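Comments concern the structure below.
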Amino acid sequence: MNAGDTVFVLLSAALVMFMTPGLALFYGGLVRNKNVLGTIMQSFILLGLITLEWVMIGYSMSFGPDIGGIIGNLDWFALSGVGMEPSESYGTTIPHLAFMIFQCMFAIITPALITGAFAERIKFSAFILFSLLWAILVYNPLCHWAWGGGWMGKMGALDFAGGTVVHISSGAAAFIAALVTGKRKGFGITQYIPHNLPMAITGAALLWFGWFGFNAGSALSCSGLAANAFVVTHISASAAALAWVSAEWIHSGKPTTLGAASGAVAGLVAITPACGYVGPVSAIIIGLVAGALCFCGVMLKSRFGYDDSLDVVGIHGLGGIWGALATGLFASVAINPAGANGLFFGNPGQLWIQFISVIGTIAFSFFMTFIILKVVDLIIGLRVSIEDEERGLDISLHNETGYN
Amino acid sequence: MNAGDTVFVLLSAALVMFMTPGLALFYGGLVRNKNVLGTIMQSFILLGLITLEWVMIGYSMSFGPDIGGIIGNLDWFALSGVGMEPSESYGTTIPHLAFMIFQCMFAIITPALITGAFAERIKFSAFILFSLLWAILVYNPLCHWAWGGGWMGKMGALDFAGGTVVHISSGAAAFIAALVTGKRKGFGITQYIPHNLPMAITGAALLWFGWFGFNAGSALSCSGLAANAFVVTHISASAAALAWVSAEWIHSGKPTTLGAASGAVAGLVAITPACGYVGPVSAIIIGLVAGALCFCGVMLKSRFGYDDSLDVVGIHGLGGIWGALATGLFASVAINPAGANGLFFGNPGQLWIQFISVIGTIAFSFFMTFIILKVVDLIIGLRVSIEDEERGLDISLHNETGYN
Amino acid sequence: MNAGDTVFVLLSAALVMFMTPGLALFYGGLVRNKNVLGTIMQSFILLGLITLEWVMIGYSMSFGPDIGGIIGNLDWFALSGVGMEPSESYGTTIPHLAFMIFQCMFAIITPALITGAFAERIKFSAFILFSLLWAILVYNPLCHWAWGGGWMGKMGALDFAGGTVVHISSGAAAFIAALVTGKRKGFGITQYIPHNLPMAITGAALLWFGWFGFNAGSALSCSGLAANAFVVTHISASAAALAWVSAEWIHSGKPTTLGAASGAVAGLVAITPACGYVGPVSAIIIGLVAGALCFCGVMLKSRFGYDDSLDVVGIHGLGGIWGALATGLFASVAINPAGANGLFFGNPGQLWIQFISVIGTIAFSFFMTFIILKVVDLIIGLRVSIEDEERGLDISLHNETGYN
Amino acid sequence: MKKLEVIIKSFKLDDVKEGLSAIGIKGLTVSEVKGFGRQRGHKEIYRGAEYQVDFVPKIKLEVVMETELVNEAVKVILDKATTGQIGDGKIFILPVDEVIRIRTGEKGKNAI
Amino acid sequence: MKKLEVIIKSFKLDDVKEGLSAIGIKGLTVSEVKGFGRQRGHKEIYRGAEYQVDFVPKIKLEVVMETELVNEAVKVILDKATTGQIGDGKIFILPVDEVIRIRTGEKGKNAI
Amino acid sequence: MKKLEVIIKSFKLDDVKEGLSAIGIKGLTVSEVKGFGRQRGHKEIYRGAEYQVDFVPKIKLEVVMETELVNEAVKVILDKATTGQIGDGKIFILPVDEVIRIRTGEKGKNAI
Ligand SMILES: Nc1ncnc2c1ncn2[C@@H]1O[C@H](COP(=O)(O)OP(=O)(O)O)[C@@H](O)[C@H]1O
Ligand SMILES: Nc1ncnc2c1ncn2[C@@H]1O[C@H](COP(=O)(O)OP(=O)(O)O)[C@@H](O)[C@H]1O
Ligand SMILES: Nc1ncnc2c1ncn2[C@@H]1O[C@H](COP(=O)(O)OP(=O)(O)O)[C@@H](O)[C@H]1O
C-alpha cells in the first residue's frame with residue numbers, strides 16, 4: 001500500500017463529491033427563482049440516496065464478482081469483504097475502501113446530471129424513485145460493463161474516467177426523460193432565463209475544480225499518467241470554453257458567461273474518456289471540437305422542440321459521444337501503454353470498438369430509462385400539477401423559498 | 001518523515017480551514033438579510049483572531065507538556081520548539097508544524113459554531129472578547145483533556161476527531177449563550193425566515209467537503225484507517241440527510257432543502273468522534289439516528305422557549321452527545337486496534353467512559369461559558385441596542401449592507 | 001519520482017486553479033449589479049485563454065532553455081519534450097507535466113488580478129487582446145527572470161511563490177491601466193457600492209483556501225519546508241485581516257467584512273515571496289504590517305484621484321512590494337538553507353537585492369503595460385461607449401443579466 | 001382616464017395579463033410587493049420556532065386605461081385572479097388627469 | 001375613499017404597521033423603494049473613494065381607507081414613524097374612486 | 001398638487017433625476033418595475049430555446065409636485081428620457097389631495 005496513492009484517491013474522492021453540490025449550483029442558477037431549491041435539492045439528496053444504495057448493493061453490482069460479463073453479484077453486499085486492505089483487482093496500492101468511495105462519488109453525480117432534463121416540473125417523490133431505479137438498473141450495469149469486468153471493458157473499449165458510464169448514459173437518459181416528462185408550461189412563450197448566473201458560473205467552477213479529481217484520480221495512483229490526465233483535462237476545458245465563446249461571438253456578436261461555463265463543461269465531458277490515453281496537443285483539438293459541437297447542439301435544440309431544460313443532451317450527451325469517439329481517434333500507447341492506439345496512431349479498429357461502446361450505452365440507457373419512467377409515471381405520476389408548476393417547486397414541494 | 005502523510009495532513013488542514021467560510025455561508029444564509037454580513041463576519045474574523053491566539057499560546061496550552069492532566073504549559077509559547085521536524089508525540093511521520101496547523105483549524109471553527117446561538121443580536125466587540133476568552137479558557141483545556149495528554153484521554157475516552165472537544169463543547173456553550181443573551185426582538189412573532197437558502201446549502205456542502213479533512217485527516221497518516229474514517233464520514237452524512245428529510249416528509253409532507261443540509265451536518269457531527277473506530281454498517285445506523293434525533297431536537301425547541309437562533313444545540317449539542325455515546329456502542333478494535341471495543345462488541349465499560357467524558361465536557365463548558373458571558377456582559381454588554389437590532393447588524397455594526 | 005510530491009503539486013495546482021474563480025467572485029461581488037457578469041467573465045475566460053497561450057509558448061518562454069538571462073527559447077513549443085518524466089531543473093521528484101500545469105495556474109491568475117483596475121468600463125475584445133499581449137510580453141519574461149534561470153534569480157533575489165512575478169507585476173500594471181483607461185462615468189459622484197458582499201467574501205475565502213496550494217505548493221515537494229510555507233501563509237493572512245479590521249475600527253468605529261477580506265488578501269500577498277524563507281513569528285509581523293499598510297494605501301487612494309476600481313494597486317501592488325522587501329528583512333537560512341539571510345539575520349545585502357528586484361519588476365511592468373494599452377487602444381479602443389457603460393457590461397457586452 | 005391598481009397572487013400574473021391583453025389593454029406595469037391583509041396573522045412554525053405570518057408576497061399591477069374600459073377590465077380581473085381563497089387581492093381605481101407617451105410626446109387617449 | 005402613500009424608514013415598518021392595525025386598518029401593501037430627498041446629496045467616502053449619496057432605501061406603504069379614517073391614520077403614522085431626523089419620509093393622500101375585493105367581488109367600503 | 005408617475009428606461013434614471021433637480025424638484029421616489037407595453041411580444045431565442053419577451057425591466061419614478069410645476073417637469077422628462085425607440089415609457093399625472101412631511105408634520109406646499 002502506498003500513502004501517496006491513498007491520499008491521491010481519497011482527496012480525489014473528496015473533489016468528486018464536491019462536484020455534486022457544484023452541479024446543484026450550476027443547475028440551480030439556471031432555473032427560475034421559484035425552482036432554485038427544488039433543483040438544488042435534486043442533486044443534494046442524491047448524495048444521501050445513492051450513497052446508501054451504493055454501499056448496500058451498488059458497489060457489489062458494479063465491481064463485485066462478475067456474472068457473465070453483465071453484472072456483479074452481491075457477494076459484497078453492505079461492503080462485506082471491502083476493507084482497509086487493497087483489493088486484488090482495483091487500485092492495488094490503496095485501501096479497497098478508498099477505491100469504493102471514489103467510485104461512489106461517480107455513481108452519485110451521474111443521475112444528478114439527468115435532473116437538468118426534467119428541471120422545474122417533476123414531483124420529488126417521482127424523482128426519488130426514478131433515481132433509485134436508474135442507479136440500480138442503468139448505472140450499475142453500465143459501470144460493470146466498462147470497469148467491473150463486463151463485456152465492454154473486455155472488448156477493449158477505452159473509457160478512462162467515465163465518458164460512456166457517466167456522460168453518455170446520463171445524456172441519453174436525459175433525452176428520453178425530456179420527451180417522456182413533456183415540456184414545461186409555457187414552453188416556447190415563457191422566458192426561462194437563468195435566475196442567477198453568478199451562481200451557475202460558480203457551480204461550473206466547482207465542477208472544473210472537482211473534475212481534476214474525477215479524471216486524474218481515475219489513474220488510481222499518482223504517477224506521470226495522473227499528471228497527464230490532469231493536464232489534458234485542464235487543457236480541454238480551456239479550449240472548449242474558448243471555442244464556445246468564439247462561436248457565440250461569431251454567431252451573435254455577444255460572447256456570454258454562460259457560454260464560457262457551458263463550453264468548459266463540454267470540454268471536461270469530452271476529455272473524460274480520453275484523459276488517460278491522449279496527450280496535450282490532442283487535448284486542444286478535442287476541446288475545441290467539443291466546445292463548437294456542443295454549442296451547435298444547444299442552438300439547434302429548438303428545431304426539435306423537446307424541452308431538455310438545462311441542455312443535458314447537448315452537453316453531456318453530445319460531448320460524451322464526441323469524447324468516446326475522440327478516444328478512438330487520438331489514443332496513443334505512448335501516453336498509456338496499458339491502453340491502445342487510436343485511428344490517428346494507426347489503429348482504426350479502436351474507433352470501431354469505441355463506436356460499439358457508444359451505441360451499446362445509448363441503446364441500453366434509452367431503453368431502460370424509458371421503462372423506468374413509464375413505471376414511475378404509473379405508480380406515482382411524473383409531473384407536479386399545473387398549479388404547483390406555476391407556483392414553483394420550492395414552495396409547492398418543499399415549502400421553502402430561496403430568497404427572502 | 002513521510003511525504004504522503006505530510007500532504008495528507010496539510011491538505012486536510014486546508015480542507016478544515018475551508019469549513020469556517022463554509023460555516024459563515026451556512027449561518028449567513030439562515031439569518032435575515034440585514035444580518036448577513038454580521039453573521040459571516042463572526043466566523044470569518046475568528047480565522048484571524050484564533051489563529052494568533054493558537055500560535056501564541058493555544059497550541060502550547062493544548063498540546064504542550066502536560067501539567068497534572070489539566071492543561072499544557074507554555075513551553076511552546078509562540079511556537080518555540082515547534083518546527084519542521086516531527087514531534088515526539090503527535091503525528092510522528094509529519095512535520096510538527098503540520099500537526100500544529102491542522103489542530104489550529106479545529107480551534108478556529110469551534111467558537112465559530114457557537115455564533116449560531118446568539119446570531120442577529122450580539123455586539124461585535126463583546127463577541128470578540130467572548131470568543132477569545134472562550135478559546136483560551138474552554139477550548140484549550142478541553143482539547144488538552146482529550147488529545148494533549150489530559151485526564152479524558154488517559155481515562156480511555158475515545159474521540160477520534162472532536163466529538164467532545166468541538167461539538168459537545170460548542171453545543172453546550174451555545175445553550176448557555178442563548179439563555180444568557182436572551183431572545184431576539186420579536187421572538188415568537190417575527191418571521192425569522194432564512195434570507196438565502198442556496199447560500200446556506202452551499203455552506204453545508206462546503207462543510208461536508210471540508211469534513212473529509214476534519215475526520216480522515218485526524219488519522220494523521222494516510223492509511224487504511226484514514227480511508228475508513230473518510231468512508232464512514234460520508235456514509236453517516238448521507239444517512240442522516242435521508243433520515244432528517246424522511247422525518248420531515250412524514251411529519252409535514254414537505255421535505256426541505258434546509259432539512260437535507262441540516263441532516264447532513266447532524267450526521268457529520270455524530271460520526272466525528274466515532275469515525276476512527278467504527279465500520280460502514282455502524283455508520284449507517286449512527287447517521288440514521290443522528291438525523292432523526294436532531295430533527296426532533298430542533299422541532300421540540302419551541303417547547304423550551306429559548307432562542308438558539310440557528311440550532312447549534314439541536315445539531316451540534318445533541319448530535320455530538322449521540323456521537324460520543326455511539327462511539328461507546330459501536331467502536332471495534334477490528335477497525336482500530338489502538339481503540340477499544342464498545343458495548344455492542346462486548347465492552348460495556350467503554351460506554352460508561354464515554355458517558356463520563358460527555359458529562360465532563362458539558363459541565364465544564366456550561367460553567368465556564370456562563371462565567372465568561374457574565375464577565376463580558378459586565379465589561380462591554382452583550383447585546384446591541386434595540387434600534388441597532390432593528391436596523392440589523394450589517395448597517396449598525398459594520399456600516400455595510402449585503403446586497404445593493 | 002515521488003508519489004507524495006506528485007499528489008502535492010497536482011492538488012496544489014487544482015487549488016491554485018480554484019483561485020481564479022475565487023477572484024471572479026471577489027471582484028464580481030465588489031462591482032455593481034449591472035457589471036457582475038462582465039467582471040466574472042474577465043477572470044473566467046482567462047482560464048481558457050492563458051492556458052492555451054501557456055501550453056503553446058508561455059511555458060517555454062518562461063522555463064525553457066535560457067537566452068541571455070532574459071527569456072526562454074521556444075524549444076518547448078506546444079509542450080514538446082515536456083512529459084511524464086521529471087524535468088532536470090524544476091521539481092525533480094515530480095512529472096515535468098505536473099510542474100508545468102502548476103505554473104500554468106500562476107500565469108492565469110496574474111492577468112486576472114489586473115482586471116480589478118479597469119473594472120466596469122473596458123471592452124471585452126480590448127481586454128482579450130490586452131491580456132494575451134500582457135501574458136506574453138510581461139508575465140513570461142518576468143517569470144523567466146525570477147524562476148526560469150533569468151537574471152533576477154541569478155542575482156539572488158528571493159521570491160518563493162510570486163511576490164514580484166505575480167503581485168508586483170500585476171499591481172504595477174493595474175496602476176498604469178487605471179490611469180490609461182480613465183475613470184468610470186460618475187467617478188466621485190456615483191456610489192460604486194459592492195452589489196453583493198457575501199459573494200465577495202466567498203471569493204476571498206476561496207482565495208485563502210487556494211493560496212495554500214499557491215505558497216506551500218511552491219515548495220514542489222511535501223517536506224518540512226512546505227509545512228512551514230503553509231503555516232506562515234495562514235498566519236500572515238490572519239494577522240493582516242486583524243490588522244486591517246483594527247485599523248478600520250480605530251479610524252471609523254466600524255470594522256467591515258470587506259476590510260477583513262481585503263486584509264486577509266493583503267496578508268496573503270505579502271507572505272507570498274517570503275513564505276519559504278521566514279518563520280511563524282516573522283509571519284505575524286509581516287501580516288500585521290501588510291494589513292495596516294494596505295488599509296492606508298486604499299484609504300489614501302482618493303488623494304490621487306485615479307480610479308483603481310477594486311484596489312489592485314493598494315493591495316497587490318503595495319502588499320507585494322512590502323512582501324518582497326520583508327523577505328529581505330526576515331529571511332533566514334535556518335528556515336531554508338537554499339535561501340539566504342535577510343537584514344534582521346545579519347545580511348543587509350539581501351534587502352538591496354530585493355529592492356533591485358522590486359524596482360526592476362515595477363519599471364518593466366509599467367513600461368510594457370503602457371505600451372500594450374496604447375497599442376490596444378489604437379487597434380480596438382479600450383473603453384465601451386458611454387451608453388454601454390451606463391447600461392452595464394453584462395447587458396451591453398454579453399447580452400445577459402446576473403439576476404432575474 | 002382611470003388607473004387600476006391591482007394586487008394579486010403572484011402565480012396569477014400570466015393569466016391576468018393574457019386576459020387584459022385580450023380586451024385591448026396595451027400596456028401595464030408590474031411590481032413585487034408584500035401584502036398585509038386578512039391572510040395574515042396566523043401562527044406558523046418554522047423549524048420548531050413559532051412566528052406570525054404578516055406579509056405575503058404579492059404582485060401589484062398598474063394599468064391606466066380609458067374610463068369606458070374599466071368595467072370590462074374589472075370583470076376580466078375578477079374572472080382570472082379569483083381562487084376563492086383568502087388573499088386573492090384587491091382592485092383600487094384611481095382618477096388620472098393625463099397620460100403622456102415619452103417617445104412621441106402624445107397625450108391623452110392616444111398615449112395610453 | 002382615500003389612498004395614503006407613505007414613505008418611511010425601513011426599520012419603522014413594524015411600528016407603523018402595528019399602529020395602523022390598532023386603529024382598524026385591515027390591509028396594506030408594502031414595497032421597497034429608493035428615496036431621493038433632503039437626506040441626499042452629502043458626500044461620503046467608501047474605501048477611500050468619494051461619492052455622493054443620492055438614493056436611500058425606504059419603505060413605501062400603500063393603504064386605502066375610508067375618508068373618515070384618514071386623520072387618525074395620519075396621526076398614528078406621524079406618531080410611529082418620526083425620528084426627528086432628516087429622511088423620515090412623507091405621506092401623500094390621493095383620491096380613490098372605487099375598491100373591489102377580488103375574492104368576493106364586493107365593492108366600496110366592504111371591500112377595503 | 002399632482003403626482004407624476006413616470007416609467008422610464010433604467011439607464012435614463014440619472015439624467016432624469018438631474019433634470020428634475022435642476023428645475024427645483026426636491027424629492028422623488030424610485031422603484032424597480034417590469035413593464036409590459038409595445039416593446040413586448042417579440043420572439044427571442046436564448047440558448048436555442050424560443051420565448052416571448054413580455055416584461056422588460058423599467059424604472060418607475062414617483063414625484064409629487066405643485067400643479068404649476070407639472071408642465072415644466074413633463075418637458076424635462078420628455079427631454080431627458082426620450083431615446084426615440086419603443087419602450088421609452090409613459091408619464092401618468094394623478095391628483096393629490098394632501099402631502100404631509102413626517103418629520104415635522106408640515107402640510108401642503110411646504111411639505112413637498
Ligand atoms: N386597504 C388596503 N390598502 C392597501 N392594500 C390592501 C388593502 N387591503 C388589502 N390590500 C392588499 O390586498 C392583499 C389581499 O388582501 P386580503 O385581505 O389578504 O385578501 P382578501 O380580502 O381578498 O381575502 C393584501 O395582501 C394587501 O396587499
Ligand atoms: N416630492 C416628492 N415626491 C415623491 N417622493 C418624495 C418627495 N419628497 C420626498 N419624497 C420621499 O420621501 C423621502 C424622505 O424625504 P426627505 O426629504 O429625505 O425627508 P424629510 O422630509 O424628513 O426631510 C425621500 O427619500 C423620498 O423617497
Ligand atoms: N396603460 C399603461 N398602464 C400602465 N403602464 C403602462 C401603460 N402603457 C405603458 N406602460 C408602461 O410604460 C412602458 C413603456 O411602454 P411601451 O408601450 O413599451 O413604450 P412606448 O410608449 O415607447 O411605445 C411599459 O413597459 C409599461 O411599463
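Scheme for the C-alpha cells: letters A, B, ... for chains in order shown; per-chain residue numbers from 1; ligand numbers from 1 in order shown.
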
Would you kindly return, as a ChimeraX atom specification, each protein, DNA or RNA residue with an atom no farther than 10 Å from any atom of Phe26 in chain B, considering only C-alpha atoms and excluding same-chain residues fewer than 4 positions away? /B:19-22,30-31,39-40,116,196-207,258,261-262,310

Given a cut-off of 8 Å, which residues of chain B touch chain C, counting only C-alpha atoms, written out as a PDB file with C-alpha atoms, in the first residue's frame?
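Output below, filename out.pdb:
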ATOM      1  CA  ALA B   3       5.734  12.855   2.141  1.00  0.00           C
ATOM      2  CA  GLY B   4       2.384  11.127   1.619  1.00  0.00           C
ATOM      3  CA  ASP B   5       1.336  11.628   5.224  1.00  0.00           C
ATOM      4  CA  THR B   6       2.505  15.224   5.142  1.00  0.00           C
ATOM      5  CA  VAL B   7       0.480  16.030   2.032  1.00  0.00           C
ATOM      6  CA  LEU B  10      -1.536  19.695   5.123  1.00  0.00           C
ATOM      7  CA  ALA B  14      -6.658  23.333   4.134  1.00  0.00           C
ATOM      8  CA  LEU B  15      -9.983  21.496   3.956  1.00  0.00           C
ATOM      9  CA  MET B  17      -9.798  25.820   7.183  1.00  0.00           C
ATOM     10  CA  PHE B  18     -12.341  25.914   4.353  1.00  0.00           C
ATOM     11  CA  PRO B  21     -16.056  30.108   5.489  1.00  0.00           C
ATOM     12  CA  LEU B  25     -22.220  30.807   4.453  1.00  0.00           C
ATOM     13  CA  VAL B  36     -25.916  38.502   6.738  1.00  0.00           C
ATOM     14  CA  LEU B  37     -22.607  40.312   6.970  1.00  0.00           C
ATOM     15  CA  GLY B  38     -22.580  40.492  10.737  1.00  0.00           C
ATOM     16  CA  ILE B  40     -20.462  35.982   8.184  1.00  0.00           C
ATOM     17  CA  MET B  41     -18.051  38.284   9.949  1.00  0.00           C
ATOM     18  CA  PHE B  44     -14.501  34.993   9.237  1.00  0.00           C
ATOM     19  CA  ILE B  45     -12.791  37.114  11.854  1.00  0.00           C
ATOM     20  CA  LEU B  47      -9.806  32.850  11.300  1.00  0.00           C
ATOM     21  CA  GLY B  48      -7.692  35.846  12.218  1.00  0.00           C
ATOM     22  CA  LEU B  49      -8.254  36.005  15.935  1.00  0.00           C
ATOM     23  CA  THR B  51      -5.022  31.732  14.642  1.00  0.00           C
ATOM     24  CA  LEU B  52      -2.943  34.281  16.518  1.00  0.00           C
ATOM     25  CA  ALA B  78       4.846  31.422  20.064  1.00  0.00           C
ATOM     26  CA  LEU B  79       5.637  28.007  18.619  1.00  0.00           C
ATOM     27  CA  GLY B  83       9.389  23.176  13.808  1.00  0.00           C
ATOM     28  CA  MET B  84       9.801  21.259  10.618  1.00  0.00           C
ATOM     29  CA  GLU B  85      10.816  18.046  12.348  1.00  0.00           C
ATOM     30  CA  ILE B  94       4.847  14.585   9.589  1.00  0.00           C
ATOM     31  CA  PRO B  95       6.414  17.950  10.430  1.00  0.00           C
ATOM     32  CA  LEU B  97       4.216  22.416  12.202  1.00  0.00           C
ATOM     33  CA  ALA B  98       1.828  20.415  10.058  1.00  0.00           C
ATOM     34  CA  ILE B 101      -1.718  23.974  11.859  1.00  0.00           C
ATOM     35  CA  LEU B 397     -22.092  47.438  13.443  1.00  0.00           C
ATOM     36  CA  HIS B 398     -20.257  47.238  10.165  1.00  0.00           C
ATOM     37  CA  ASN B 399     -21.697  50.089   8.127  1.00  0.00           C
ATOM     38  CA  GLU B 400     -22.225  47.790   5.160  1.00  0.00           C
ATOM     39  CA  THR B 401     -25.153  46.094   3.527  1.00  0.00           C
ATOM     40  CA  GLY B 402     -25.032  42.662   1.990  1.00  0.00           C
ATOM     41  CA  TYR B 403     -26.726  43.375  -1.298  1.00  0.00           C
ATOM     42  CA  ASN B 404     -27.139  46.597  -3.252  1.00  0.00           C
TER      43      ASN B 404
END

Output the neighbourhood of ligand 1 as a ChimeraX atom specification, that is, all protein and nucleic acid residues with some atom at most 9 Å from the ligand, counting only C-alpha atoms and all ligand atoms. /D:6-9,33-40,55-60,82,84-92 /E:3-4,25-30,61-66,99,101-104,111-112

Range 73-80 of chain F: which residues within 8 Å, counting only C-alpha atoms, same-chain residues fewer than 3 positions away excluded, as a PyMOL selection string? (chain D and resi 102-103+105) or (chain F and resi 12+15-16+19-20+23+69-70+91)

Keeping only N, CA, C and O atoms, write the selected residues as a JSON list (two decimals), in the first residue's frame.
[["chain", "number", "residue", "atom", "x", "y", "z"],
["D", 102, "ILE", "N", -43.75, 59.09, -23.64],
["D", 102, "ILE", "CA", -42.47, 59.79, -23.66],
["D", 102, "ILE", "C", -41.86, 59.80, -25.06],
["D", 102, "ILE", "O", -41.36, 60.83, -25.52],
["D", 103, "ARG", "N", -41.89, 58.69, -25.73],
["D", 103, "ARG", "CA", -41.25, 58.58, -27.04],
["D", 103, "ARG", "C", -41.73, 59.64, -28.02],
["D", 103, "ARG", "O", -40.95, 60.23, -28.76],
["D", 105, "GLY", "N", -44.34, 62.11, -27.17],
["D", 105, "GLY", "CA", -44.97, 63.29, -26.60],
["D", 105, "GLY", "C", -46.48, 63.31, -26.74],
["D", 105, "GLY", "O", -47.14, 64.24, -26.30],
["F", 12, "LYS", "N", -31.76, 55.67, -17.91],
["F", 12, "LYS", "CA", -32.06, 57.09, -18.02],
["F", 12, "LYS", "C", -32.30, 57.73, -16.66],
["F", 12, "LYS", "O", -32.53, 58.95, -16.57],
["F", 15, "ASP", "N", -30.03, 60.80, -15.64],
["F", 15, "ASP", "CA", -30.30, 62.01, -16.41],
["F", 15, "ASP", "C", -31.61, 62.67, -15.98],
["F", 15, "ASP", "O", -31.67, 63.89, -15.80],
["F", 16, "VAL", "N", -32.64, 61.86, -15.83],
["F", 16, "VAL", "CA", -33.94, 62.43, -15.47],
["F", 16, "VAL", "C", -33.86, 63.06, -14.08],
["F", 16, "VAL", "O", -34.37, 64.16, -13.84],
["F", 19, "GLY", "N", -32.18, 66.37, -14.29],
["F", 19, "GLY", "CA", -33.08, 67.33, -14.93],
["F", 19, "GLY", "C", -34.12, 67.85, -13.96],
["F", 19, "GLY", "O", -34.39, 69.06, -13.88],
["F", 20, "LEU", "N", -34.72, 66.94, -13.21],
["F", 20, "LEU", "CA", -35.78, 67.36, -12.29],
["F", 20, "LEU", "C", -35.20, 68.18, -11.14],
["F", 20, "LEU", "O", -35.81, 69.16, -10.71],
["F", 23, "ILE", "N", -34.84, 71.82, -12.02],
["F", 23, "ILE", "CA", -36.00, 72.72, -12.01],
["F", 23, "ILE", "C", -36.62, 72.81, -10.62],
["F", 23, "ILE", "O", -37.74, 73.29, -10.46],
["F", 69, "LEU", "N", -45.80, 73.32, -11.43],
["F", 69, "LEU", "CA", -44.53, 72.79, -11.90],
["F", 69, "LEU", "C", -44.70, 71.69, -12.96],
["F", 69, "LEU", "O", -43.75, 71.31, -13.64],
["F", 70, "VAL", "N", -45.93, 71.18, -13.07],
["F", 70, "VAL", "CA", -46.12, 69.97, -13.87],
["F", 70, "VAL", "C", -45.67, 70.12, -15.31],
["F", 70, "VAL", "O", -44.94, 69.28, -15.84],
["F", 91, "ILE", "N", -45.70, 58.95, -18.88],
["F", 91, "ILE", "CA", -45.92, 59.80, -17.70],
["F", 91, "ILE", "C", -47.40, 59.76, -17.38],
["F", 91, "ILE", "O", -48.23, 60.02, -18.26]]

Which residues are close to range 107-112 of chain A, i.e. within 9 Å by only C-alpha atoms, leaving aside same-chain residues fewer than 2 positions away? Reply as a compact mmCIF listing (two decimals) with C-alpha atoms, in the first residue's frame.
# COMPACT_ATOMS: atom_id res chain seq x y z
CA VAL A 16 -15.60 14.41 -6.97
CA MET A 17 -18.03 14.58 -4.07
CA MET A 19 -18.91 18.22 -7.92
CA THR A 20 -22.43 17.28 -6.90
CA LEU A 23 -23.81 20.74 -10.18
CA ALA A 24 -26.55 21.80 -7.78
CA GLN A 42 -32.45 17.03 -6.63
CA SER A 43 -28.67 16.97 -6.66
CA PHE A 44 -28.14 17.28 -2.94
CA LEU A 46 -28.71 12.07 -4.25
CA LEU A 47 -25.63 12.39 -2.07
CA GLY A 48 -27.72 10.72 0.57
CA LEU A 49 -29.76 8.33 -1.52
CA ILE A 50 -27.16 6.94 -3.87
CA THR A 51 -24.51 6.64 -1.17
CA TRP A 54 -24.04 2.10 -3.46
CA GLY A 58 -24.41 -0.74 -5.97
CA GLN A 103 -16.40 5.18 -7.31
CA CYS A 104 -19.34 6.04 -5.07
CA MET A 105 -18.98 9.71 -5.98
CA ILE A 114 -30.02 13.85 -15.66
CA THR A 115 -32.02 16.21 -13.47
CA GLY A 116 -31.30 19.06 -15.86
CA SER A 131 -33.19 7.98 -9.48
CA LEU A 132 -33.03 4.93 -7.29
CA TRP A 134 -31.97 4.28 -12.57
CA ALA A 135 -28.92 3.88 -10.37
CA TYR A 139 -25.75 2.90 -13.79
CA ASN A 140 -24.62 -0.24 -12.03
CA CYS A 143 -20.36 0.65 -14.71
CA VAL A 165 -20.61 5.27 -17.94
CA VAL A 166 -21.30 8.79 -16.74
CA HIS A 167 -21.89 11.18 -19.60
CA SER A 169 -25.54 7.25 -20.14
CA SER A 170 -26.93 10.35 -18.45
CA ALA A 173 -31.36 9.19 -20.30

Using DSSP assignments from the backbone, pull out every residue in chain D that falls under strand (DSSP E) and give it to me as a VMD selection string. chain D and resid 2 to 8 28 to 36 43 to 46 49 to 52 56 to 65 90 to 95 98 to 101

At a cut-off of 6 Å, can you tabulate as a Markdown table every residue of chain A near chain F together with its closest atom pair and the distance in Å to one decimal, using only C-alpha atoms and ordering rows by chain then number?
| residue | atom | partner | partner_atom | distance |
| --- | --- | --- | --- | --- |
| A:Gly188 | CA | F:Tyr51 | CA | 4.7 |
| A:Ile189 | CA | F:Tyr51 | CA | 4.3 |
| A:Thr190 | CA | F:Tyr51 | CA | 5.4 |
| A:Gln191 | CA | F:Tyr51 | CA | 5.3 |
| A:Val298 | CA | F:Gly48 | CA | 5.7 |
| A:Met299 | CA | F:Gly48 | CA | 3.9 |
| A:Leu300 | CA | F:Gly48 | CA | 5.9 |
| A:Lys301 | CA | F:Gly48 | CA | 5.5 |
| A:Ser302 | CA | F:Ala49 | CA | 5.2 |

Enumerate the residues of range 1-170 of chain B with a DSSP assignment of alpha helix (DSSP H), computed from the backbone, and present them as a PyMOL selection string. chain B and resi 3-30+36-53+59-63+96-114+124-134+140-147+151-155+169-170
